[in-house]
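Worksheet: one structure, shown below.
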Amino acid sequence: MTRTADDQRRPFGRLVTAMVTPFTSDGSLDVEGAATLAQYLVDRQGNDALVINGTTGECPTVSDAEKDQLLRIVIEAVGDRAQIVAGVGTNDTRHSIELARAAERAGADGLLAVTPYYNKPPQAGLVAHFTAVADACDLPAMLYDIPGRTVIPIEVETMVRLAEHPRIVAVKDAKGDLNATSWVTRRTDLAIYSGDDKNTLPLMSVGAVGVVGVATHLFGRQTMKMIQAYERGAVVEALAMHHRLLPVFDGFFRTQGVIMTKAALRAHGLPAGPVRLPLVDATPQQAAQLREDCAAAGLTLGSAA
């Protein structure tokens with residue numbers, strides 16, 4: 001299929017959700033729940049793409065076999081109407097290569113590769129790591145820059161070098177550095193996706209094309225409207241939408257994002273289940289606050305999902 005100029009500018013669309021991994025009450029993979037949630041995110045929330053096995057998918061505690069099973073479930077459920085991006089990031093390049101090749105075999109449309117964590121590699125190591133992952137298969141890759149978790153940022157010069165790779169096409173930007181992002185959008189054609197819901201609108205002002213979100217599990221359509229308003233030049237309208245969504249942009253991250261997301265999904269009658277240790281589920285107080293946050297943004301949890 002021939003890609004249009006708009007496809008090339010937004011290789012994974014505008015609205016992408018980093019989907020949670022639903023578990024059953026005993027902590028095993030909820031196969032039916034995963035399919036149901038993916039369908040909800042695409043058909044009801046309007047997602048262009050889903051990230052599977054990312055941070056919000058609890059990838060550190062999901063086995064490789066479960067990752068492959070989950071990916072195949074979601075592709076079967078919604079792969080005909082949304083792009084499926086497989087999280088393959090680890091702090092072991094060989095392991096990430098294995099996951100990338102498995103994702104391609106499963107039928108994924110793209111890869112998400114996070115900066116190797118804990119190892120603290122130099123920038124030359126990041127170039128070598130991301131290049132090796134991108135070389136491992138024929139799928140387009142999105143880099144994930146989140147120094148708050150990985151300690152090491154992907155520096156601008158490193159981004160510029162990596163942008164030369166024909167399959168490195170995008171960045172999930174959770175660095176929170178508008179100046180650095182501005183230089184990346186000035187010097188490369190990488191598609192920038194906000195990796196932090198609250199920074200979607202600010203990042204669009206310096207060239208971002210969309211979001212890989214968390215609050216978008218329940219606020220996808222509102223987020224898409226904000227993006228579209230900004231793109232058509234209705235900046236005041238987009239800002240008003242941003243302000244309306246601020247309570248959930250903060251509320252979903254009052255503690256670890258997947259904890260609150262699963263609490264919100266459970267309250268809304270959608271598949272989620274518990275989190276896996278070392279994470280712990282939201283307290284009653286946290287869940288009550290989240291209900292208030294969602295209500296302030298216009299959604300009563302438990303209303304028709």
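We name chains A, B, ... following the order of the structure tokens; residues begin at 1 in each chain, and ligands are numbered from 1 as shown.
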Which of range 63-270 of chain A DSSP labels strand (DSSP E), written as JSON, numbers by chain | {"A": [83, 84, 85, 86, 87, 110, 111, 112, 113, 114, 141, 142, 143, 144, 145, 168, 169, 170, 171, 172, 173, 191, 192, 193, 194, 210, 211, 212, 213]}
Residues from last step as file, C-alpha atoms, as a PDB file, in the first residue's frame:
ATOM      1  CA  GLN A  83      -1.724  -0.313  13.909  1.00  0.00           C
ATOM      2  CA  ILE A  84      -0.239  -2.531  16.603  1.00  0.00           C
ATOM      3  CA  VAL A  85       3.124  -1.422  17.978  1.00  0.00           C
ATOM      4  CA  ALA A  86       5.059  -3.955  20.022  1.00  0.00           C
ATOM      5  CA  GLY A  87       7.142  -2.855  22.971  1.00  0.00           C
ATOM      6  CA  GLY A 110       5.900  -1.386  14.406  1.00  0.00           C
ATOM      7  CA  LEU A 111       8.264  -1.459  17.372  1.00  0.00           C
ATOM      8  CA  LEU A 112       8.681   0.687  20.470  1.00  0.00           C
ATOM      9  CA  ALA A 113      12.203   0.564  21.886  1.00  0.00           C
ATOM     10  CA  VAL A 114      13.023   2.303  25.161  1.00  0.00           C
ATOM     11  CA  ALA A 141      10.621   1.723  14.984  1.00  0.00           C
ATOM     12  CA  MET A 142       9.703   4.362  17.539  1.00  0.00           C
ATOM     13  CA  LEU A 143      12.362   5.310  20.080  1.00  0.00           C
ATOM     14  CA  TYR A 144      11.213   5.900  23.655  1.00  0.00           C
ATOM     15  CA  ASP A 145      13.066   8.710  25.423  1.00  0.00           C
ATOM     16  CA  ILE A 168      13.716   4.672  12.823  1.00  0.00           C
ATOM     17  CA  VAL A 169      10.773   6.943  12.123  1.00  0.00           C
ATOM     18  CA  ALA A 170       9.404   8.260  15.410  1.00  0.00           C
ATOM     19  CA  VAL A 171      10.065   9.130  19.046  1.00  0.00           C
ATOM     20  CA  LYS A 172       7.878   8.739  22.088  1.00  0.00           C
ATOM     21  CA  ASP A 173       9.077  11.859  23.875  1.00  0.00           C
ATOM     22  CA  ALA A 191       7.633  12.015  14.104  1.00  0.00           C
ATOM     23  CA  ILE A 192       7.394  13.163  17.714  1.00  0.00           C
ATOM     24  CA  TYR A 193       4.683  11.649  19.908  1.00  0.00           C
ATOM     25  CA  SER A 194       4.154  12.990  23.397  1.00  0.00           C
ATOM     26  CA  GLY A 210       0.322  13.135  18.426  1.00  0.00           C
ATOM     27  CA  VAL A 211       0.447  11.228  21.695  1.00  0.00           C
ATOM     28  CA  VAL A 212       1.190   7.788  23.072  1.00  0.00           C
ATOM     29  CA  GLY A 213      -1.112   8.176  26.023  1.00  0.00           C
TER      30      GLY A 213
END
Can you pull out every residue within 9 Å of Val275 in chain A, counting only C-alpha atoms, but drop anything in the same chain fewer than 4 positions away, and send it as number ranges by chain?
-> A: 21-23, 27, 58, 258-259, 262, 279-281
Write a file of the selected residues as a PDB file, in the first residue's frame, keeping all heavy atoms.
ATOM      1  N   THR A  21      -2.063  -4.421  30.292  1.00  0.00           N
ATOM      2  CA  THR A  21      -2.204  -5.863  30.089  1.00  0.00           C
ATOM      3  C   THR A  21      -3.214  -6.392  31.092  1.00  0.00           C
ATOM      4  O   THR A  21      -2.925  -6.431  32.295  1.00  0.00           O
ATOM      5  CB  THR A  21      -0.854  -6.577  30.278  1.00  0.00           C
ATOM      6  OG1 THR A  21       0.084  -6.065  29.325  1.00  0.00           O
ATOM      7  CG2 THR A  21      -1.005  -8.079  30.088  1.00  0.00           C
ATOM      8  N   PRO A  22      -4.407  -6.772  30.661  1.00  0.00           N
ATOM      9  CA  PRO A  22      -5.399  -7.276  31.617  1.00  0.00           C
ATOM     10  C   PRO A  22      -4.984  -8.633  32.190  1.00  0.00           C
ATOM     11  O   PRO A  22      -4.514  -9.519  31.466  1.00  0.00           O
ATOM     12  CB  PRO A  22      -6.665  -7.412  30.759  1.00  0.00           C
ATOM     13  CG  PRO A  22      -6.448  -6.515  29.584  1.00  0.00           C
ATOM     14  CD  PRO A  22      -4.979  -6.613  29.315  1.00  0.00           C
ATOM     15  N   PHE A  23      -5.165  -8.781  33.495  1.00  0.00           N
ATOM     16  CA  PHE A  23      -4.917 -10.042  34.179  1.00  0.00           C
ATOM     17  C   PHE A  23      -6.204 -10.517  34.843  1.00  0.00           C
ATOM     18  O   PHE A  23      -7.097  -9.719  35.154  1.00  0.00           O
ATOM     19  CB  PHE A  23      -3.828  -9.892  35.243  1.00  0.00           C
ATOM     20  CG  PHE A  23      -2.489  -9.473  34.701  1.00  0.00           C
ATOM     21  CD1 PHE A  23      -1.819  -8.371  35.234  1.00  0.00           C
ATOM     22  CD2 PHE A  23      -1.888 -10.169  33.662  1.00  0.00           C
ATOM     23  CE1 PHE A  23      -0.592  -7.978  34.737  1.00  0.00           C
ATOM     24  CE2 PHE A  23      -0.651  -9.792  33.160  1.00  0.00           C
ATOM     25  CZ  PHE A  23       0.000  -8.699  33.698  1.00  0.00           C
ATOM     26  N   GLY A  27      -3.902 -13.385  38.613  1.00  0.00           N
ATOM     27  CA  GLY A  27      -2.691 -12.785  38.065  1.00  0.00           C
ATOM     28  C   GLY A  27      -2.246 -13.330  36.726  1.00  0.00           C
ATOM     29  O   GLY A  27      -1.214 -12.905  36.203  1.00  0.00           O
ATOM     30  N   GLU A  58       2.978  -3.233  31.775  1.00  0.00           N
ATOM     31  CA  GLU A  58       3.744  -3.956  32.798  1.00  0.00           C
ATOM     32  C   GLU A  58       4.767  -4.908  32.183  1.00  0.00           C
ATOM     33  O   GLU A  58       4.992  -6.028  32.657  1.00  0.00           O
ATOM     34  CB  GLU A  58       2.806  -4.703  33.750  1.00  0.00           C
ATOM     35  CG  GLU A  58       1.870  -3.785  34.525  1.00  0.00           C
ATOM     36  CD  GLU A  58       0.907  -4.525  35.424  1.00  0.00           C
ATOM     37  OE1 GLU A  58       1.338  -5.036  36.486  1.00  0.00           O
ATOM     38  OE2 GLU A  58      -0.293  -4.592  35.063  1.00  0.00           O
ATOM     39  N   VAL A 258       0.096   2.804  35.558  1.00  0.00           N
ATOM     40  CA  VAL A 258      -0.726   1.615  35.318  1.00  0.00           C
ATOM     41  C   VAL A 258      -1.607   1.297  36.514  1.00  0.00           C
ATOM     42  O   VAL A 258      -2.720   0.772  36.357  1.00  0.00           O
ATOM     43  CB  VAL A 258       0.148   0.395  34.934  1.00  0.00           C
ATOM     44  CG1 VAL A 258       1.042  -0.047  36.066  1.00  0.00           C
ATOM     45  CG2 VAL A 258      -0.732  -0.769  34.484  1.00  0.00           C
ATOM     46  N   ILE A 259      -1.160   1.623  37.716  1.00  0.00           N
ATOM     47  CA  ILE A 259      -1.970   1.387  38.913  1.00  0.00           C
ATOM     48  C   ILE A 259      -3.283   2.154  38.814  1.00  0.00           C
ATOM     49  O   ILE A 259      -4.371   1.598  39.018  1.00  0.00           O
ATOM     50  CB  ILE A 259      -1.199   1.793  40.178  1.00  0.00           C
ATOM     51  CG1 ILE A 259       0.001   0.863  40.396  1.00  0.00           C
ATOM     52  CG2 ILE A 259      -2.118   1.804  41.403  1.00  0.00           C
ATOM     53  CD1 ILE A 259       0.904   1.283  41.551  1.00  0.00           C
ATOM     54  N   LYS A 262      -5.555   1.007  35.707  1.00  0.00           N
ATOM     55  CA  LYS A 262      -6.331  -0.205  35.972  1.00  0.00           C
ATOM     56  C   LYS A 262      -7.461   0.071  36.966  1.00  0.00           C
ATOM     57  O   LYS A 262      -8.563  -0.489  36.836  1.00  0.00           O
ATOM     58  CB  LYS A 262      -5.418  -1.327  36.471  1.00  0.00           C
ATOM     59  CG  LYS A 262      -4.612  -1.968  35.347  1.00  0.00           C
ATOM     60  CD  LYS A 262      -3.981  -3.285  35.749  1.00  0.00           C
ATOM     61  CE  LYS A 262      -3.515  -4.061  34.525  1.00  0.00           C
ATOM     62  NZ  LYS A 262      -2.950  -5.388  34.876  1.00  0.00           N
ATOM     63  N   LEU A 279       4.414  -3.867  41.736  1.00  0.00           N
ATOM     64  CA  LEU A 279       3.366  -2.858  41.833  1.00  0.00           C
ATOM     65  C   LEU A 279       2.258  -3.378  42.738  1.00  0.00           C
ATOM     66  O   LEU A 279       2.111  -4.586  42.941  1.00  0.00           O
ATOM     67  CB  LEU A 279       2.813  -2.537  40.445  1.00  0.00           C
ATOM     68  CG  LEU A 279       3.809  -1.984  39.424  1.00  0.00           C
ATOM     69  CD1 LEU A 279       3.095  -1.691  38.105  1.00  0.00           C
ATOM     70  CD2 LEU A 279       4.507  -0.743  39.945  1.00  0.00           C
ATOM     71  N   VAL A 280       1.482  -2.463  43.279  1.00  0.00           N
ATOM     72  CA  VAL A 280       0.337  -2.821  44.119  1.00  0.00           C
ATOM     73  C   VAL A 280      -0.860  -2.012  43.639  1.00  0.00           C
ATOM     74  O   VAL A 280      -0.715  -0.922  43.088  1.00  0.00           O
ATOM     75  CB  VAL A 280       0.604  -2.548  45.615  1.00  0.00           C
ATOM     76  CG1 VAL A 280       1.678  -3.486  46.137  1.00  0.00           C
ATOM     77  CG2 VAL A 280       0.998  -1.092  45.853  1.00  0.00           C
ATOM     78  N   ASP A 281      -2.042  -2.557  43.850  1.00  0.00           N
ATOM     79  CA  ASP A 281      -3.242  -1.896  43.363  1.00  0.00           C
ATOM     80  C   ASP A 281      -3.533  -0.605  44.126  1.00  0.00           C
ATOM     81  O   ASP A 281      -3.050  -0.392  45.247  1.00  0.00           O
ATOM     82  CB  ASP A 281      -4.442  -2.837  43.479  1.00  0.00           C
ATOM     83  CG  ASP A 281      -4.381  -3.964  42.452  1.00  0.00           C
ATOM     84  OD1 ASP A 281      -4.004  -3.689  41.300  1.00  0.00           O
ATOM     85  OD2 ASP A 281      -4.702  -5.114  42.813  1.00  0.00           O
TER      86      ASP A 281
END
Smallest atom-to-atom distance to His243 in chain A: which of A:Leu290, A:Pro202, A:Tyr117, A:Gln69, using only C-alpha atoms?
->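 Of A:Leu290, A:Pro202, A:Tyr117, A:Gln69, the one nearest His243 in chain A is A:Pro202, counting only C-alpha atoms.
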Tell me, as a VMD selection string, which residues lie within 6 Å of range 98-102 of chain A, counting only C-alpha atoms; anything in the same chain fewer than 2 positions away does not count.
-> chain A and resid 88 95 to 96 104 to 105 137
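Separating CA of Thr90 in chain A from CA of Asp64 in chain A is a distance of 11.5 Å.
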Report as a tab-separated table (two decimals) with N, CA and C atoms, in the first residue's frame all protein, DNA and RNA residues lying within 12 Å of Ala297 in chain A, evaluated on only C-alpha atoms, omitting residues in the same chain fewer than 4 positions from it.
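So part.tsv came out as:
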chain	number	residue	atom	x	y	z
A	215	ALA	N	-3.96	8.23	29.93
A	215	ALA	CA	-5.32	8.68	30.20
A	215	ALA	C	-6.22	8.46	29.00
A	218	LEU	N	-9.46	6.17	28.62
A	218	LEU	CA	-10.84	6.62	28.82
A	218	LEU	C	-11.11	8.00	28.23
A	219	PHE	N	-10.05	8.72	27.86
A	219	PHE	CA	-10.21	10.09	27.36
A	219	PHE	C	-9.58	10.24	25.98
A	222	GLN	N	-11.58	12.78	23.56
A	222	GLN	CA	-11.35	14.17	23.95
A	222	GLN	C	-9.94	14.61	23.57
A	223	THR	N	-8.98	13.72	23.76
A	223	THR	CA	-7.59	14.05	23.41
A	223	THR	C	-7.45	14.24	21.91
A	240	ALA	N	-8.45	25.24	25.75
A	240	ALA	CA	-9.59	25.00	26.64
A	240	ALA	C	-9.77	23.50	26.88
A	241	MET	N	-9.58	22.68	25.85
A	241	MET	CA	-9.67	21.23	26.01
A	241	MET	C	-8.54	20.71	26.89
A	242	HIS	N	-7.36	21.23	26.69
A	242	HIS	CA	-6.22	20.86	27.54
A	242	HIS	C	-6.53	21.17	29.01
A	243	HIS	N	-7.05	22.35	29.26
A	243	HIS	CA	-7.39	22.73	30.64
A	243	HIS	C	-8.47	21.81	31.21
A	244	ARG	N	-9.43	21.43	30.39
A	244	ARG	CA	-10.49	20.54	30.87
A	244	ARG	C	-9.94	19.16	31.23
A	245	LEU	N	-8.93	18.71	30.51
A	245	LEU	CA	-8.37	17.39	30.74
A	245	LEU	C	-7.28	17.36	31.81
A	246	LEU	N	-6.84	18.51	32.27
A	246	LEU	CA	-5.76	18.55	33.26
A	246	LEU	C	-6.00	17.68	34.49
A	247	PRO	N	-7.22	17.62	35.04
A	247	PRO	CA	-7.41	16.77	36.22
A	247	PRO	C	-7.05	15.31	35.98
A	248	VAL	N	-7.33	14.78	34.79
A	248	VAL	CA	-6.98	13.37	34.54
A	248	VAL	C	-5.54	13.23	34.09
A	249	PHE	N	-5.00	14.27	33.43
A	249	PHE	CA	-3.58	14.21	33.09
A	249	PHE	C	-2.74	14.06	34.36
A	250	ASP	N	-3.18	14.73	35.43
A	250	ASP	CA	-2.50	14.58	36.72
A	250	ASP	C	-3.00	13.35	37.48
A	251	GLY	N	-4.32	13.12	37.42
A	251	GLY	CA	-4.92	12.07	38.24
A	251	GLY	C	-4.44	10.67	37.92
A	252	PHE	N	-4.19	10.40	36.64
A	252	PHE	CA	-3.73	9.08	36.27
A	252	PHE	C	-2.28	8.82	36.70
A	290	LEU	N	-9.39	9.43	42.17
A	290	LEU	CA	-9.42	9.29	40.72
A	290	LEU	C	-10.83	9.50	40.18
A	291	ARG	N	-11.83	9.02	40.90
A	291	ARG	CA	-13.22	9.28	40.48
A	291	ARG	C	-13.48	10.79	40.41
A	292	GLU	N	-12.98	11.53	41.40
A	292	GLU	CA	-13.15	12.98	41.40
A	292	GLU	C	-12.42	13.62	40.22
A	293	ASP	N	-11.20	13.13	39.96
A	293	ASP	CA	-10.43	13.67	38.84
A	293	ASP	C	-11.15	13.45	37.51
A	301	LEU	N	-17.09	7.73	36.28
A	301	LEU	CA	-16.68	6.33	36.18
A	301	LEU	C	-17.85	5.43	36.52
Residue contacts of Gly207 in chain A (12 Å, only C-alpha atoms) excluding same-chain residues fewer than 6 positions away, as a count of residues only | 26
Tell me, as a list in words, which residues lie within 7 Å of range 122-132 of chain A, counting only C-alpha atoms; anything in the same chain fewer than 6 positions away does not count.
->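 What passes the distance filter is Thr93, Thr158 and Leu162 of chain A.
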Find the residues near range 270-273 of chain A: any atom within 10 Å, counting only C-alpha atoms, skip ones fewer than 4 places away on the same chain, and give them as a PDB file with N, CA, C and O atoms, in the first residue's frame.
ATOM      1  N   MET A  19      -1.507   0.376  25.928  1.00  0.00           N
ATOM      2  CA  MET A  19      -2.555  -0.422  26.559  1.00  0.00           C
ATOM      3  C   MET A  19      -2.054  -1.208  27.764  1.00  0.00           C
ATOM      4  O   MET A  19      -0.948  -1.763  27.755  1.00  0.00           O
ATOM      5  N   VAL A  20      -2.864  -1.244  28.822  1.00  0.00           N
ATOM      6  CA  VAL A  20      -2.572  -2.103  29.963  1.00  0.00           C
ATOM      7  C   VAL A  20      -2.686  -3.560  29.540  1.00  0.00           C
ATOM      8  O   VAL A  20      -3.335  -3.886  28.542  1.00  0.00           O
ATOM      9  N   THR A  21      -2.063  -4.421  30.292  1.00  0.00           N
ATOM     10  CA  THR A  21      -2.204  -5.863  30.089  1.00  0.00           C
ATOM     11  C   THR A  21      -3.214  -6.392  31.092  1.00  0.00           C
ATOM     12  O   THR A  21      -2.925  -6.431  32.295  1.00  0.00           O
ATOM     13  N   PRO A  22      -4.407  -6.772  30.661  1.00  0.00           N
ATOM     14  CA  PRO A  22      -5.399  -7.276  31.617  1.00  0.00           C
ATOM     15  C   PRO A  22      -4.984  -8.633  32.190  1.00  0.00           C
ATOM     16  O   PRO A  22      -4.514  -9.519  31.466  1.00  0.00           O
ATOM     17  N   PHE A  23      -5.165  -8.781  33.495  1.00  0.00           N
ATOM     18  CA  PHE A  23      -4.917 -10.042  34.179  1.00  0.00           C
ATOM     19  C   PHE A  23      -6.204 -10.517  34.843  1.00  0.00           C
ATOM     20  O   PHE A  23      -7.097  -9.719  35.154  1.00  0.00           O
ATOM     21  N   THR A  24      -6.285 -11.810  35.071  1.00  0.00           N
ATOM     22  CA  THR A  24      -7.395 -12.376  35.834  1.00  0.00           C
ATOM     23  C   THR A  24      -7.113 -12.170  37.323  1.00  0.00           C
ATOM     24  O   THR A  24      -6.040 -11.704  37.712  1.00  0.00           O
ATOM     25  N   SER A  25      -8.063 -12.560  38.161  1.00  0.00           N
ATOM     26  CA  SER A  25      -7.915 -12.346  39.602  1.00  0.00           C
ATOM     27  C   SER A  25      -6.724 -13.094  40.184  1.00  0.00           C
ATOM     28  O   SER A  25      -6.170 -12.693  41.211  1.00  0.00           O
ATOM     29  N   ASP A  26      -6.306 -14.185  39.518  1.00  0.00           N
ATOM     30  CA  ASP A  26      -5.151 -14.934  40.024  1.00  0.00           C
ATOM     31  C   ASP A  26      -3.836 -14.452  39.412  1.00  0.00           C
ATOM     32  O   ASP A  26      -2.774 -15.041  39.638  1.00  0.00           O
ATOM     33  N   GLY A  27      -3.902 -13.385  38.613  1.00  0.00           N
ATOM     34  CA  GLY A  27      -2.691 -12.785  38.065  1.00  0.00           C
ATOM     35  C   GLY A  27      -2.246 -13.330  36.726  1.00  0.00           C
ATOM     36  O   GLY A  27      -1.214 -12.905  36.203  1.00  0.00           O
ATOM     37  N   SER A  28      -3.010 -14.235  36.119  1.00  0.00           N
ATOM     38  CA  SER A  28      -2.638 -14.766  34.809  1.00  0.00           C
ATOM     39  C   SER A  28      -3.200 -13.864  33.707  1.00  0.00           C
ATOM     40  O   SER A  28      -4.070 -13.014  33.941  1.00  0.00           O
ATOM     41  N   LEU A  29      -2.686 -14.036  32.507  1.00  0.00           N
ATOM     42  CA  LEU A  29      -3.109 -13.214  31.377  1.00  0.00           C
ATOM     43  C   LEU A  29      -4.591 -13.422  31.080  1.00  0.00           C
ATOM     44  O   LEU A  29      -5.057 -14.552  30.964  1.00  0.00           O
ATOM     45  N   ASP A  30      -5.332 -12.325  30.963  1.00  0.00           N
ATOM     46  CA  ASP A  30      -6.754 -12.369  30.654  1.00  0.00           C
ATOM     47  C   ASP A  30      -6.911 -12.238  29.136  1.00  0.00           C
ATOM     48  O   ASP A  30      -6.946 -11.132  28.594  1.00  0.00           O
ATOM     49  N   GLU A  32      -9.430 -13.061  26.955  1.00  0.00           N
ATOM     50  CA  GLU A  32     -10.669 -12.442  26.474  1.00  0.00           C
ATOM     51  C   GLU A  32     -10.706 -10.961  26.831  1.00  0.00           C
ATOM     52  O   GLU A  32     -11.159 -10.136  26.030  1.00  0.00           O
ATOM     53  N   GLY A  33     -10.225 -10.633  28.025  1.00  0.00           N
ATOM     54  CA  GLY A  33     -10.214  -9.238  28.444  1.00  0.00           C
ATOM     55  C   GLY A  33      -9.326  -8.379  27.566  1.00  0.00           C
ATOM     56  O   GLY A  33      -9.662  -7.226  27.257  1.00  0.00           O
ATOM     57  N   ALA A  34      -8.182  -8.921  27.149  1.00  0.00           N
ATOM     58  CA  ALA A  34      -7.277  -8.169  26.285  1.00  0.00           C
ATOM     59  C   ALA A  34      -7.938  -7.844  24.954  1.00  0.00           C
ATOM     60  O   ALA A  34      -7.844  -6.718  24.453  1.00  0.00           O
ATOM     61  N   ALA A  35      -8.622  -8.817  24.375  1.00  0.00           N
ATOM     62  CA  ALA A  35      -9.311  -8.588  23.106  1.00  0.00           C
ATOM     63  C   ALA A  35     -10.422  -7.555  23.276  1.00  0.00           C
ATOM     64  O   ALA A  35     -10.586  -6.649  22.446  1.00  0.00           O
ATOM     65  N   THR A  36     -11.184  -7.677  24.357  1.00  0.00           N
ATOM     66  CA  THR A  36     -12.288  -6.744  24.608  1.00  0.00           C
ATOM     67  C   THR A  36     -11.774  -5.326  24.810  1.00  0.00           C
ATOM     68  O   THR A  36     -12.331  -4.361  24.262  1.00  0.00           O
ATOM     69  N   LEU A  37     -10.704  -5.182  25.587  1.00  0.00           N
ATOM     70  CA  LEU A  37     -10.163  -3.846  25.841  1.00  0.00           C
ATOM     71  C   LEU A  37      -9.605  -3.235  24.563  1.00  0.00           C
ATOM     72  O   LEU A  37      -9.824  -2.045  24.290  1.00  0.00           O
ATOM     73  N   ALA A  38      -8.896  -4.017  23.770  1.00  0.00           N
ATOM     74  CA  ALA A  38      -8.362  -3.502  22.510  1.00  0.00           C
ATOM     75  C   ALA A  38      -9.488  -3.012  21.604  1.00  0.00           C
ATOM     76  O   ALA A  38      -9.393  -1.944  20.983  1.00  0.00           O
ATOM     77  N   TYR A  40     -12.420  -1.939  22.543  1.00  0.00           N
ATOM     78  CA  TYR A  40     -12.952  -0.706  23.128  1.00  0.00           C
ATOM     79  C   TYR A  40     -12.070   0.489  22.773  1.00  0.00           C
ATOM     80  O   TYR A  40     -12.573   1.558  22.397  1.00  0.00           O
ATOM     81  N   VAL A 258       0.096   2.804  35.558  1.00  0.00           N
ATOM     82  CA  VAL A 258      -0.726   1.615  35.318  1.00  0.00           C
ATOM     83  C   VAL A 258      -1.607   1.297  36.514  1.00  0.00           C
ATOM     84  O   VAL A 258      -2.720   0.772  36.357  1.00  0.00           O
ATOM     85  N   THR A 261      -4.547   3.596  36.067  1.00  0.00           N
ATOM     86  CA  THR A 261      -5.294   3.257  34.861  1.00  0.00           C
ATOM     87  C   THR A 261      -6.145   2.017  35.086  1.00  0.00           C
ATOM     88  O   THR A 261      -7.327   1.969  34.708  1.00  0.00           O
ATOM     89  N   LYS A 262      -5.555   1.007  35.707  1.00  0.00           N
ATOM     90  CA  LYS A 262      -6.331  -0.205  35.972  1.00  0.00           C
ATOM     91  C   LYS A 262      -7.461   0.071  36.966  1.00  0.00           C
ATOM     92  O   LYS A 262      -8.563  -0.489  36.836  1.00  0.00           O
ATOM     93  N   ALA A 263      -7.227   0.955  37.930  1.00  0.00           N
ATOM     94  CA  ALA A 263      -8.297   1.321  38.859  1.00  0.00           C
ATOM     95  C   ALA A 263      -9.444   1.993  38.112  1.00  0.00           C
ATOM     96  O   ALA A 263     -10.622   1.708  38.367  1.00  0.00           O
ATOM     97  N   ALA A 264      -9.095   2.883  37.175  1.00  0.00           N
ATOM     98  CA  ALA A 264     -10.127   3.576  36.402  1.00  0.00           C
ATOM     99  C   ALA A 264     -10.891   2.607  35.510  1.00  0.00           C
ATOM    100  O   ALA A 264     -12.125   2.667  35.406  1.00  0.00           O
ATOM    101  N   LEU A 265     -10.183   1.700  34.864  1.00  0.00           N
ATOM    102  CA  LEU A 265     -10.842   0.738  33.985  1.00  0.00           C
ATOM    103  C   LEU A 265     -11.768  -0.185  34.774  1.00  0.00           C
ATOM    104  O   LEU A 265     -12.896  -0.465  34.340  1.00  0.00           O
ATOM    105  N   ARG A 266     -11.303  -0.652  35.926  1.00  0.00           N
ATOM    106  CA  ARG A 266     -12.161  -1.520  36.753  1.00  0.00           C
ATOM    107  C   ARG A 266     -13.427  -0.784  37.164  1.00  0.00           C
ATOM    108  O   ARG A 266     -14.539  -1.331  37.098  1.00  0.00           O
ATOM    109  N   ASP A 281      -2.042  -2.557  43.850  1.00  0.00           N
ATOM    110  CA  ASP A 281      -3.242  -1.896  43.363  1.00  0.00           C
ATOM    111  C   ASP A 281      -3.533  -0.605  44.126  1.00  0.00           C
ATOM    112  O   ASP A 281      -3.050  -0.392  45.247  1.00  0.00           O
ATOM    113  N   GLY A 302     -18.038   4.406  35.711  1.00  0.00           N
ATOM    114  CA  GLY A 302     -19.148   3.492  35.911  1.00  0.00           C
ATOM    115  C   GLY A 302     -20.344   3.803  35.055  1.00  0.00           C
ATOM    116  O   GLY A 302     -21.262   3.009  34.953  1.00  0.00           O
ATOM    117  N   ALA A 305     -19.990   2.234  29.536  1.00  0.00           N
ATOM    118  CA  ALA A 305     -18.662   2.145  28.928  1.00  0.00           C
ATOM    119  C   ALA A 305     -18.736   1.846  27.453  1.00  0.00           C
ATOM    120  O   ALA A 305     -17.788   1.964  26.767  1.00  0.00           O
TER     121      ALA A 305
END
CA of Arg94 in chain A to CA of Val51 in chain A: how many Å, to one decimal?
->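 CA of Arg94 in chain A sits 21.1 Å away from CA of Val51 in chain A.
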When DSSP works through the backbone of this structure, what residues of range 100-182 of chain A end up as helix (DSSP H, G or I), shown as an NGL selection string?
-> :A and (100-106 or 123-135 or 147-150 or 156-162 or 178-182)
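The nearest approach to Gly233 in chain A among the residues A:Asp196, A:Glu76, A:Thr255, A:Met204, with only C-alpha atoms taken into account, belongs to A:Met204.
Taking CA of Ala282 in chain A as the reference point, CA of Arg149 in chain A is found at 20.7 Å.
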